[in-house]
file target_7.txt (compact mmCIF, C-alpha atoms)
# COMPACT_ATOMS: atom_id res chain seq x y z
CA MET A 63 18.09 22.99 -1.80
CA PRO A 64 15.77 25.41 0.03
CA LEU A 65 12.39 26.00 -1.59
CA THR A 66 10.55 29.22 -2.35
CA ILE A 67 6.92 28.77 -1.35
CA THR A 68 3.74 30.85 -1.23
CA ALA A 69 2.29 31.22 2.26
CA ALA A 70 -0.42 33.17 4.11
CA VAL A 71 1.49 35.04 6.84
CA LEU A 72 0.25 36.94 9.89
CA ASN A 73 2.57 39.96 10.14
CA THR A 74 0.68 41.87 12.85
CA ALA A 75 -1.88 40.82 15.44
CA PRO A 76 -4.68 41.64 15.33
CA GLY A 77 -4.53 41.64 11.56
CA LYS A 78 -5.16 39.74 8.35
CA LEU A 79 -3.19 36.98 6.64
CA GLU A 80 -1.05 38.20 3.75
CA LEU A 81 0.17 36.11 0.81
CA GLU A 82 3.91 36.31 0.34
CA GLU A 83 6.86 34.23 -0.76
CA LEU A 84 9.00 32.54 1.91
CA VAL A 85 12.16 30.50 1.73
CA LEU A 86 11.68 27.06 3.31
CA ASP A 87 14.84 25.38 4.59
CA ASP A 88 15.86 21.80 3.83
CA PRO A 89 14.66 19.15 6.31
CA GLY A 90 17.07 18.30 9.12
CA PRO A 91 17.98 14.74 10.18
CA ASP A 92 14.70 14.20 12.11
CA GLU A 93 12.48 16.24 9.80
CA VAL A 94 10.31 15.70 6.74
CA LEU A 95 9.37 17.98 3.86
CA ILE A 96 5.64 17.79 3.12
CA ASP A 97 3.77 19.22 0.13
CA VAL A 98 0.59 20.58 1.73
CA HIS A 99 -2.67 19.82 -0.07
CA TYR A 100 -5.33 20.90 2.44
CA SER A 101 -5.35 22.70 5.77
CA GLY A 102 -8.29 23.15 8.12
CA LEU A 103 -9.04 26.55 9.64
CA CYS A 104 -9.15 26.23 13.43
CA ARG A 105 -10.56 28.63 16.00
CA SER A 106 -7.16 28.69 17.72
CA ASP A 107 -5.78 30.24 14.50
CA LEU A 108 -8.53 32.85 14.70
CA HIS A 109 -7.59 33.62 18.31
CA GLU A 110 -4.09 34.59 17.15
CA ILE A 111 -5.38 36.57 14.16
CA GLU A 112 -7.67 38.58 16.41
CA GLY A 113 -5.04 39.05 19.12
CA ALA A 114 -6.97 37.09 21.75
CA TRP A 115 -3.98 34.77 22.09
CA PRO A 116 -0.39 36.03 21.80
CA ALA A 117 1.19 35.58 18.37
CA THR A 118 4.90 35.64 17.53
CA CYS A 119 4.75 37.79 14.39
CA PRO A 120 5.55 37.30 11.64
CA THR A 121 3.98 33.89 12.03
CA LEU A 122 2.70 31.16 9.72
CA LEU A 123 -0.49 29.72 11.17
CA GLY A 124 -2.19 26.42 10.35
CA HIS A 125 -1.69 23.07 12.09
CA GLU A 126 -4.45 20.81 10.72
CA ALA A 127 -3.05 19.63 7.39
CA SER A 128 -2.87 16.77 4.94
CA GLY A 129 -0.29 16.30 2.23
CA VAL A 130 2.40 14.14 0.66
CA VAL A 131 5.95 13.64 1.88
CA ARG A 132 8.55 14.87 -0.62
CA ARG A 133 11.82 14.36 1.31
CA VAL A 134 12.93 12.93 4.66
CA GLY A 135 15.97 13.47 6.91
CA ASP A 136 18.69 10.91 7.46
CA ARG A 137 17.34 9.72 10.84
CA VAL A 138 13.66 9.53 9.88
CA ARG A 139 12.32 5.97 10.20
CA THR A 140 8.52 6.27 10.28
CA LEU A 141 7.94 8.09 6.98
CA ARG A 142 9.30 8.00 3.44
CA PRO A 143 8.88 10.04 0.23
CA GLY A 144 5.47 9.56 -1.37
CA ASP A 145 3.67 8.82 1.91
CA HIS A 146 0.32 10.53 2.39
CA VAL A 147 0.24 12.10 5.84
CA VAL A 148 -1.76 14.09 8.37
CA THR A 149 -0.07 16.54 10.73
CA CYS A 150 -0.89 16.96 14.41
CA LEU A 151 0.40 19.60 16.84
CA SER A 152 0.73 17.18 19.78
CA ILE A 153 4.35 16.37 18.99
CA TYR A 154 5.92 13.73 21.25
CA CYS A 155 9.38 12.34 22.02
CA GLY A 156 8.36 8.70 22.50
CA GLU A 157 10.89 8.17 25.31
CA CYS A 158 9.72 10.05 28.44
CA ARG A 159 7.55 8.53 31.18
CA PHE A 160 4.44 10.25 29.83
CA CYS A 161 4.93 8.97 26.28
CA LEU A 162 5.76 5.47 27.50
CA SER A 163 2.62 5.39 29.65
CA GLY A 164 0.43 6.49 26.75
CA ARG A 165 -0.02 10.14 27.81
CA MET A 166 1.76 11.59 24.81
CA THR A 167 0.00 14.97 24.93
CA LEU A 168 1.80 15.64 28.24
CA CYS A 169 5.28 15.02 26.80
CA PRO A 170 7.56 17.54 28.58
CA ARG A 171 9.95 17.59 25.63
CA ARG A 172 7.38 18.70 23.07
CA GLY A 173 8.52 22.31 23.42
CA SER A 174 12.10 21.50 22.42
CA LEU A 175 11.50 18.86 19.76
CA GLY A 176 12.04 20.35 16.35
CA SER A 177 14.38 23.06 17.62
CA ARG A 178 16.86 24.08 14.93
CA THR A 179 20.09 26.03 14.64
CA GLN A 180 18.69 28.13 11.77
CA PRO A 181 15.17 29.33 10.89
CA VAL A 182 12.95 26.98 8.94
CA LEU A 183 11.20 29.93 7.24
CA VAL A 184 12.56 33.30 6.12
CA ASN A 185 10.66 36.10 4.39
CA ALA A 186 11.82 38.48 1.66
CA ARG A 187 12.97 40.96 4.32
CA GLY A 188 15.32 38.38 5.81
CA GLN A 189 13.15 37.90 8.91
CA SER A 190 12.55 34.53 10.50
CA VAL A 191 8.88 33.54 10.23
CA HIS A 192 7.54 31.54 13.18
CA PRO A 193 5.65 28.36 12.19
CA THR A 194 2.83 27.85 14.68
CA ALA A 195 3.26 24.67 16.73
CA ARG A 196 6.38 24.03 14.60
CA LEU A 197 4.03 23.27 11.71
CA GLY A 198 2.78 26.27 9.71
CA ALA A 199 0.30 24.70 7.31
CA PHE A 200 -1.07 27.74 5.45
CA ALA A 201 1.63 27.29 2.83
CA GLU A 202 2.50 25.18 -0.20
CA ALA A 203 4.98 23.10 1.80
CA MET A 204 6.20 22.60 5.36
CA VAL A 205 9.19 21.10 7.15
CA VAL A 206 8.23 19.35 10.39
CA HIS A 207 9.60 16.85 12.90
CA GLU A 208 8.67 13.29 11.96
CA HIS A 209 6.72 12.96 15.24
CA SER A 210 4.36 15.70 14.04
CA ALA A 211 2.95 13.60 11.21
CA VAL A 212 1.39 10.18 10.70
CA ARG A 213 0.97 8.13 7.56
CA ILE A 214 -2.50 7.46 6.19
CA PRO A 215 -3.58 5.16 3.33
CA ASP A 216 -2.93 6.55 -0.15
CA ASN A 217 -6.59 6.09 -1.11
CA MET A 218 -7.84 8.27 1.77
CA PRO A 219 -9.12 11.55 0.28
CA LEU A 220 -6.75 14.27 1.42
CA ALA A 221 -9.51 16.87 1.80
CA ALA A 222 -11.40 14.73 4.32
CA ALA A 223 -8.12 13.68 5.94
CA SER A 224 -7.15 17.27 6.72
CA VAL A 225 -9.61 17.61 9.60
CA LEU A 226 -8.29 14.46 11.31
CA GLY A 227 -5.24 16.15 12.82
CA CYS A 228 -7.05 18.57 15.14
CA ALA A 229 -10.85 18.73 15.16
CA VAL A 230 -11.49 15.01 14.77
CA VAL A 231 -8.64 13.61 16.85
CA THR A 232 -9.53 16.07 19.63
CA GLY A 233 -13.27 15.41 19.61
CA LEU A 234 -13.15 11.64 19.22
CA SER A 235 -10.23 11.08 21.56
CA SER A 236 -11.85 13.21 24.26
CA VAL A 237 -14.71 10.70 24.18
CA PHE A 238 -12.63 7.54 23.89
CA ARG A 239 -9.53 8.40 25.94
CA SER A 240 -10.26 11.36 28.24
CA ALA A 241 -13.81 10.60 29.36
CA ARG A 242 -14.04 6.95 28.29
CA VAL A 243 -17.75 7.16 27.54
CA ARG A 244 -19.58 3.93 28.28
CA PRO A 245 -22.24 2.29 26.12
CA GLY A 246 -25.78 3.21 27.20
CA SER A 247 -24.72 6.47 28.86
CA THR A 248 -26.02 10.02 28.34
CA VAL A 249 -23.88 12.76 26.81
CA ALA A 250 -24.14 16.52 26.31
CA VAL A 251 -21.86 18.47 23.94
CA LEU A 252 -21.63 22.23 24.36
CA GLY A 253 -20.54 23.83 21.08
CA CYS A 254 -21.16 22.21 17.71
CA GLY A 255 -18.20 23.40 15.68
CA GLY A 256 -15.65 20.95 14.31
CA ILE A 257 -14.54 19.55 17.67
CA GLY A 258 -18.09 19.38 19.03
CA ILE A 259 -19.37 17.56 15.95
CA ALA A 260 -16.48 15.11 16.24
CA ALA A 261 -17.35 14.53 19.91
CA ILE A 262 -20.97 13.86 18.93
CA GLN A 263 -19.81 11.29 16.41
CA GLY A 264 -17.49 9.80 19.02
CA ALA A 265 -20.36 9.48 21.51
CA ARG A 266 -22.42 7.73 18.85
CA LEU A 267 -19.56 5.34 18.08
CA ALA A 268 -19.13 4.70 21.82
CA GLY A 269 -22.77 3.61 22.08
CA ALA A 270 -24.22 6.54 24.05
CA ARG A 271 -27.97 6.24 24.53
CA GLU A 272 -28.68 9.97 24.42
CA ILE A 273 -26.53 12.67 22.83
CA ILE A 274 -27.65 16.24 23.44
CA ALA A 275 -26.19 18.96 21.20
CA ILE A 276 -26.06 22.52 22.57
CA ASP A 277 -25.31 25.61 20.50
CA ALA A 278 -26.54 29.17 19.94
CA VAL A 279 -26.65 28.74 16.13
CA GLU A 280 -29.73 26.94 14.83
CA ALA A 281 -27.99 25.71 11.66
CA ARG A 282 -25.34 23.96 13.73
CA LEU A 283 -28.01 22.19 15.78
CA ILE A 284 -29.63 20.94 12.58
CA ASP A 285 -26.25 19.61 11.44
CA ALA A 286 -25.64 18.01 14.84
CA VAL A 287 -28.68 15.77 14.40
CA LYS A 288 -27.28 14.60 11.05
CA PHE A 289 -24.04 13.61 12.79
CA GLY A 290 -25.71 11.66 15.61
CA ALA A 291 -27.30 13.98 18.18
CA THR A 292 -30.57 12.62 19.55
CA ALA A 293 -31.76 15.96 20.97
CA THR A 294 -30.81 19.64 20.75
CA VAL A 295 -30.87 22.64 23.06
CA HIS A 296 -30.75 26.17 21.64
CA ALA A 297 -28.45 28.08 23.99
CA GLY A 298 -29.66 31.58 24.76
CA GLN A 299 -33.31 30.76 24.18
CA VAL A 300 -33.78 28.46 27.16
CA ASP A 301 -32.03 27.67 30.45
CA THR A 302 -29.44 25.25 29.06
CA VAL A 303 -28.77 23.38 32.30
CA ALA A 304 -32.45 23.02 33.14
CA ALA A 305 -33.24 21.79 29.63
CA VAL A 306 -30.56 19.09 29.78
CA ARG A 307 -31.64 18.00 33.24
CA GLU A 308 -35.23 17.69 32.05
CA LEU A 309 -34.24 15.67 28.97
CA THR A 310 -32.20 13.24 31.07
CA GLU A 311 -34.25 13.16 34.28
CA GLY A 312 -31.53 14.59 36.47
CA GLY A 313 -28.42 15.24 34.41
CA VAL A 314 -26.01 13.60 31.98
CA ASP A 315 -23.28 11.08 32.65
CA TYR A 316 -20.78 12.98 30.48
CA SER A 317 -20.54 16.53 29.19
CA PHE A 318 -18.01 18.03 26.79
CA GLU A 319 -17.25 21.75 26.68
CA ALA A 320 -16.05 22.67 23.17
CA VAL A 321 -16.66 26.43 23.24
CA GLY A 322 -13.81 27.83 25.33
CA LEU A 323 -15.70 30.05 27.80
CA ALA A 324 -15.83 29.95 31.58
CA ALA A 325 -19.64 30.23 31.47
CA THR A 326 -20.01 27.09 29.35
CA VAL A 327 -17.56 25.19 31.56
CA GLU A 328 -19.77 26.04 34.53
CA GLN A 329 -22.83 24.86 32.61
CA ALA A 330 -21.09 21.62 31.61
CA PHE A 331 -20.42 20.85 35.29
CA ALA A 332 -23.87 21.93 36.48
CA MET A 333 -25.73 19.72 33.98
CA LEU A 334 -24.01 16.54 35.22
CA GLY A 335 -25.93 13.95 37.14
CA PRO A 336 -24.39 12.26 40.20
CA GLY A 337 -21.09 10.61 39.32
CA GLY A 338 -20.88 12.49 36.02
CA THR A 339 -17.74 13.76 34.32
CA ALA A 340 -17.35 17.13 32.56
CA THR A 341 -14.44 17.32 30.11
CA VAL A 342 -13.16 20.74 29.04
CA VAL A 343 -11.81 20.65 25.49
CA GLY A 344 -12.26 24.33 24.58
CA LEU A 345 -9.45 26.86 25.09
CA VAL A 346 -10.65 28.91 28.05
CA PRO A 347 -8.53 32.06 28.60
CA ASP A 348 -6.84 32.39 31.99
CA SER A 349 -8.57 35.75 32.36
CA GLN A 350 -11.90 33.95 32.85
CA PRO A 351 -12.18 32.39 36.33
CA ILE A 352 -14.42 29.34 36.68
CA SER A 353 -16.90 29.00 39.52
CA ILE A 354 -18.51 25.66 40.44
CA ARG A 355 -20.35 24.26 43.47
CA ALA A 356 -17.43 22.59 45.24
CA SER A 357 -19.72 20.48 47.44
CA GLU A 358 -20.88 18.62 44.33
CA LEU A 359 -17.35 17.29 43.89
CA PHE A 360 -17.66 15.14 46.99
CA LEU A 361 -21.38 14.89 47.80
CA LEU A 362 -22.30 13.93 44.22
CA GLU A 363 -18.86 12.68 43.11
CA LYS A 364 -18.89 14.87 40.04
CA ARG A 365 -15.66 15.36 38.12
CA LEU A 366 -14.31 18.34 36.19
CA GLN A 367 -11.31 17.57 34.00
CA GLY A 368 -9.35 19.06 31.14
CA ALA A 369 -8.20 17.33 27.98
CA LEU A 370 -5.39 18.57 25.77
CA MET A 371 -6.47 17.56 22.27
CA GLY A 372 -8.52 14.75 23.76
CA SER A 373 -5.49 13.13 25.44
CA ASN A 374 -4.89 11.57 22.03
CA GLN A 375 -2.32 9.05 20.88
CA PHE A 376 -2.45 10.32 17.32
CA PRO A 377 0.02 7.87 15.68
CA THR A 378 -2.45 5.07 16.43
CA ASP A 379 -5.69 7.05 16.85
CA ILE A 380 -5.70 8.71 13.43
CA PRO A 381 -5.20 5.47 11.42
CA GLY A 382 -8.04 3.99 13.50
CA TYR A 383 -10.30 6.93 12.68
CA VAL A 384 -9.47 6.47 9.00
CA ARG A 385 -10.84 2.93 9.32
CA TYR A 386 -14.07 4.28 10.80
CA TYR A 387 -14.30 6.59 7.77
CA GLU A 388 -13.62 3.76 5.32
CA GLN A 389 -16.35 1.70 6.99
CA GLY A 390 -18.86 4.53 6.64
CA ARG A 391 -19.13 4.95 10.43
CA LEU A 392 -17.35 8.32 10.68
CA ASN A 393 -18.69 11.14 8.51
CA LEU A 394 -15.82 13.43 7.57
CA ASP A 395 -17.06 14.56 4.15
CA ASP A 396 -20.03 16.49 5.54
CA MET A 397 -17.80 18.16 8.13
CA LEU A 398 -16.12 20.05 5.24
CA SER A 399 -18.67 22.83 5.02
CA THR A 400 -16.65 25.20 2.82
CA THR A 401 -13.41 24.98 0.84
CA VAL A 402 -11.48 28.14 0.01
CA SER A 403 -8.30 28.73 -1.97
CA LEU A 404 -5.19 29.99 -0.18
CA ASP A 405 -5.71 33.50 -1.59
CA ARG A 406 -9.22 33.56 -0.05
CA ILE A 407 -8.22 32.27 3.36
CA ASN A 408 -9.29 35.50 5.13
CA GLU A 409 -12.78 34.98 3.72
CA GLY A 410 -12.69 31.52 5.25
CA PHE A 411 -12.02 32.96 8.68
CA GLU A 412 -14.88 35.44 8.22
CA LEU A 413 -17.16 32.48 7.52
CA MET A 414 -15.92 30.86 10.71
CA LYS A 415 -16.69 34.00 12.72
CA SER A 416 -20.24 34.09 11.37
CA GLY A 417 -20.83 30.57 12.71
CA GLY A 418 -21.50 29.07 9.32
CA GLY A 419 -20.80 25.37 8.84
CA THR A 420 -18.67 22.86 10.69
CA ARG A 421 -15.16 23.20 9.23
CA VAL A 422 -13.69 25.56 6.65
CA VAL A 423 -10.75 24.03 4.75
CA ALA A 424 -8.13 25.78 2.63
CA SER A 425 -7.22 24.00 -0.61
CA ILE A 426 -3.49 24.60 -1.06
CA ARG A 427 -2.92 22.36 -4.07
CA SER A 428 -5.04 19.83 -5.93
CA GLU A 429 -4.79 16.11 -5.25
CA SER A 430 -2.80 14.09 -7.75
call {"tool": "encode", "arguments": {"input": "target_7.txt", "output": "structure tokens"}}
result
Amino acid sequence: MPLTITAAVLNTAPGKLELEELVLDDPGPDEVLIDVHYSGLCRSDLHEIEGAWPATCPTLLGHEASGVVRRVGDRVRTLRPGDHVVTCLSIYCGECRFCLSGRMTLCPRRGSLGSRTQPVLVNARGQSVHPTARLGAFAEAMVVHEHSAVRIPDNMPLAAASVLGCAVVTGLSSVFRSARVRPGSTVAVLGCGGIGIAAIQGARLAGAREIIAIDAVEARLIDAVKFGATATVHAGQVDTVAAVRELTEGGVDYSFEAVGLAATVEQAFAMLGPGGTATVVGLVPDSQPISIRASELFLLEKRLQGALMGSNQFPTDIPGYVRYYEQGRLNLDDMLSTTVSLDRINEGFELMKSGGGTRVVASIRSES
């Protein structure tokens, strides 16, 4: 039977999220019904709220969630009722040449997976409500394709687990899979929000010798040191590129852009030493052209690359990151800077805009 759920819906963009009741359809053969416990607030959600990125309104945002499976479809094989899970927006088919070669984030079928003959969400006006990334986590429950979720141990705290599905898997996997940071190398991370902090922790786990955190907010730089940064650069107060070059005697081996601006992409490339690799993780709008010194691509063998969610393989990556957490080597608890209730979710986004903390998380329902 379809469920009536409370959800925070974006009806106009730019706009605010509004609490309303929606009807959630039953899971199809390849889908699972998940009771949502926590959902992280991501800057990509904010982009849609503010109208910087196009939104299909009415839409249900939220893609970084943790919860418990309530029901599964007839063809579901990887999950069962009672499983604790984390959702991830990099849905995959598992059969194409990209999936079979380990490049699941490039799956060409991800846009069609989860397509349905009838809407998964309907509001009181009879309108279909679009679930972002076929997830829609700012709600009491969600129906998603089984390849959008992965099981985690039952004893993993669901609050800490919620940030695994976007910020952490993107930041860590960009270090491990996209850039493949080597032990003893030097790293710079531009932007110390959730993804940047995860990248700093990934660089530490990878054995980087120097990890330089760069941000315009002093409080974030202080936090970055707690998570593993060995040095900080206050953007806007000094020449960022010059400061990094001085700290590393010529430039870093790896840089990670986690801001989403053309200017910081250019800085990430400029601060590389010979043979260095700059990885762009932030969502840079197409309206912002990027300018680099092309001669450095061949004379200095620098590389500029993109990474969609860190080129992750989340069905195996996320359980591995849980093990790091269980071993005390990955600090997720301190990444949860603020927790807000679903009816205060707009306040959570205001906190994000002010640059406070690492990750704001919405508490949808208490853990059992």
call {"tool": "atom_distance", "arguments": {"input": "target_7.txt", "atom1": "CA of Ser101 (chain A)", "atom2": "CA of Cys161 (chain A)"}}
result
26.7 Å
call {"tool": "residues_near_point", "arguments": {"input": "target_7.txt", "point": "(-1.3, 10.0, 5.8)", "cutoff": "10 Å", "atoms": "only C-alpha atoms", "output": "PDB file with C-alpha atoms, in the frame of the given file"}}
result
ATOM      1  CA  ALA A 127      -3.050  19.630   7.390  1.00  0.00           C
ATOM      2  CA  SER A 128      -2.870  16.770   4.940  1.00  0.00           C
ATOM      3  CA  GLY A 129      -0.290  16.300   2.230  1.00  0.00           C
ATOM      4  CA  VAL A 130       2.400  14.140   0.660  1.00  0.00           C
ATOM      5  CA  VAL A 131       5.950  13.640   1.880  1.00  0.00           C
ATOM      6  CA  LEU A 141       7.940   8.090   6.980  1.00  0.00           C
ATOM      7  CA  GLY A 144       5.470   9.560  -1.370  1.00  0.00           C
ATOM      8  CA  ASP A 145       3.670   8.820   1.910  1.00  0.00           C
ATOM      9  CA  HIS A 146       0.320  10.530   2.390  1.00  0.00           C
ATOM     10  CA  VAL A 147       0.240  12.100   5.840  1.00  0.00           C
ATOM     11  CA  VAL A 148      -1.760  14.090   8.370  1.00  0.00           C
ATOM     12  CA  THR A 149      -0.070  16.540  10.730  1.00  0.00           C
ATOM     13  CA  ALA A 211       2.950  13.600  11.210  1.00  0.00           C
ATOM     14  CA  VAL A 212       1.390  10.180  10.700  1.00  0.00           C
ATOM     15  CA  ARG A 213       0.970   8.130   7.560  1.00  0.00           C
ATOM     16  CA  ILE A 214      -2.500   7.460   6.190  1.00  0.00           C
ATOM     17  CA  PRO A 215      -3.580   5.160   3.330  1.00  0.00           C
ATOM     18  CA  ASP A 216      -2.930   6.550  -0.150  1.00  0.00           C
ATOM     19  CA  ASN A 217      -6.590   6.090  -1.110  1.00  0.00           C
ATOM     20  CA  MET A 218      -7.840   8.270   1.770  1.00  0.00           C
ATOM     21  CA  PRO A 219      -9.120  11.550   0.280  1.00  0.00           C
ATOM     22  CA  LEU A 220      -6.750  14.270   1.420  1.00  0.00           C
ATOM     23  CA  ALA A 223      -8.120  13.680   5.940  1.00  0.00           C
ATOM     24  CA  SER A 224      -7.150  17.270   6.720  1.00  0.00           C
ATOM     25  CA  LEU A 226      -8.290  14.460  11.310  1.00  0.00           C
ATOM     26  CA  ILE A 380      -5.700   8.710  13.430  1.00  0.00           C
ATOM     27  CA  PRO A 381      -5.200   5.470  11.420  1.00  0.00           C
ATOM     28  CA  VAL A 384      -9.470   6.470   9.000  1.00  0.00           C
TER      29      VAL A 384
END
call {"tool": "residues_near_point", "arguments": {"input": "target_7.txt", "point": "(-31.0, 31.8, 23.2)", "cutoff": "12 Å", "atoms": "only C-alpha atoms", "output": "PyMOL selection string"}}
result
chain A and resi 276-280+295-302
call {"tool": "write_last_selection", "arguments": {"input": "target_7.txt", "atoms": "C-alpha atoms", "output": "short mmCIF file (atom, residue, chain, number, x, y, z; two decimals), keeping the file's coordinate frame"}}
result
data_model
loop_
_atom_site.label_atom_id
_atom_site.label_comp_id
_atom_site.auth_asym_id
_atom_site.auth_seq_id
_atom_site.Cartn_x
_atom_site.Cartn_y
_atom_site.Cartn_z
CA ILE A 276 -26.06 22.52 22.57
CA ASP A 277 -25.31 25.61 20.50
CA ALA A 278 -26.54 29.17 19.94
CA VAL A 279 -26.65 28.74 16.13
CA GLU A 280 -29.73 26.94 14.83
CA VAL A 295 -30.87 22.64 23.06
CA HIS A 296 -30.75 26.17 21.64
CA ALA A 297 -28.45 28.08 23.99
CA GLY A 298 -29.66 31.58 24.76
CA GLN A 299 -33.31 30.76 24.18
CA VAL A 300 -33.78 28.46 27.16
CA ASP A 301 -32.03 27.67 30.45
CA THR A 302 -29.44 25.25 29.06
#
call {"tool": "closest_residue", "arguments": {"input": "target_7.txt", "among": "A:Val184, A:Leu394, A:Ala250, A:Ala265", "to": "Val237 (chain A)", "atoms": "all atoms listed in the file"}}
result
A:Ala265
call {"tool": "residues_around", "arguments": {"input": "target_7.txt", "residues": "Glu328 (chain A)", "least_positions_apart": "4", "cutoff": "9 Å", "atoms": "only C-alpha atoms", "output": "PyMOL selection string"}}
result
chain A and resi 323-324+332-333+352-354
call {"tool": "residues_around", "arguments": {"input": "target_7.txt", "residues": "Ala75 (chain A)", "least_positions_apart": "6", "cutoff": "10 Å", "atoms": "only C-alpha atoms", "output": "VMD selection string"}}
result
chain A and resid 109 to 121
call {"tool": "closest_residue", "arguments": {"input": "target_7.txt", "among": "A:Val423, A:Glu412, A:Gln329, A:Leu84", "to": "Ala186 (chain A)", "atoms": "only C-alpha atoms"}}
result
A:Leu84
call {"tool": "residues_around", "arguments": {"input": "target_7.txt", "residues": "Gly176 (chain A)", "least_positions_apart": "4", "cutoff": "8 Å", "atoms": "only C-alpha atoms", "output": "PyMOL selection string"}}
result
chain A and resi 92-93+196+206-207
call {"tool": "closest_residue", "arguments": {"input": "target_7.txt", "among": "A:Val138, A:Asn185, A:Pro143, A:Arg282", "to": "Thr66 (chain A)", "atoms": "only C-alpha atoms"}}
result
A:Asn185
call {"tool": "closest_residue", "arguments": {"input": "target_7.txt", "among": "A:Ala369, A:Leu86, A:Cys150, A:Ile257", "to": "Ser190 (chain A)", "atoms": "all atoms listed in the file"}}
result
A:Leu86
call {"tool": "atom_distance", "arguments": {"input": "target_7.txt", "atom1": "CA of Ala330 (chain A)", "atom2": "CA of Ala304 (chain A)"}}
result
11.5 Å
call {"tool": "residues_around", "arguments": {"input": "target_7.txt", "residues": "Asp88 (chain A)", "least_positions_apart": "3", "cutoff": "12 Å", "atoms": "all atoms listed in the file", "output": "PyMOL selection string"}}
result
chain A and resi 63-66+85+91-96+132-136+178+180-183+203-206
call {"tool": "build_atoms", "arguments": {"input": "target_7.txt", "residues": "region 320-325 of chain A", "atoms": "all heavy atoms", "output": "CSV table (one decimal), in the frame of the given file"}}
result
chain,number,residue,atom,x,y,z
A,320,ALA,N,-16.9,22.4,24.4
A,320,ALA,CA,-16.0,22.7,23.2
A,320,ALA,C,-16.2,24.1,22.7
A,320,ALA,O,-16.2,24.3,21.5
A,320,ALA,CB,-16.4,21.7,22.1
A,321,VAL,N,-16.5,25.0,23.6
A,321,VAL,CA,-16.7,26.4,23.2
A,321,VAL,C,-15.4,27.3,23.6
A,321,VAL,O,-14.9,28.0,22.8
A,321,VAL,CB,-17.9,27.0,23.9
A,321,VAL,CG1,-18.1,28.5,23.6
A,321,VAL,CG2,-19.2,26.2,23.5
A,322,GLY,N,-15.0,27.1,24.9
A,322,GLY,CA,-13.8,27.8,25.3
A,322,GLY,C,-14.2,29.0,26.1
A,322,GLY,O,-13.5,30.1,26.1
A,323,LEU,N,-15.3,29.0,26.9
A,323,LEU,CA,-15.7,30.0,27.8
A,323,LEU,C,-15.9,29.5,29.2
A,323,LEU,O,-16.4,28.4,29.4
A,323,LEU,CB,-17.0,30.7,27.3
A,323,LEU,CG,-17.0,31.4,25.9
A,323,LEU,CD1,-18.4,31.8,25.5
A,323,LEU,CD2,-16.1,32.6,26.0
A,324,ALA,N,-15.6,30.3,30.2
A,324,ALA,CA,-15.8,30.0,31.6
A,324,ALA,C,-17.3,29.6,31.8
A,324,ALA,O,-17.6,28.7,32.6
A,324,ALA,CB,-15.4,31.1,32.5
A,325,ALA,N,-18.2,30.4,31.2
A,325,ALA,CA,-19.6,30.2,31.5
A,325,ALA,C,-20.1,28.9,31.0
A,325,ALA,O,-20.9,28.2,31.7
A,325,ALA,CB,-20.4,31.3,30.8
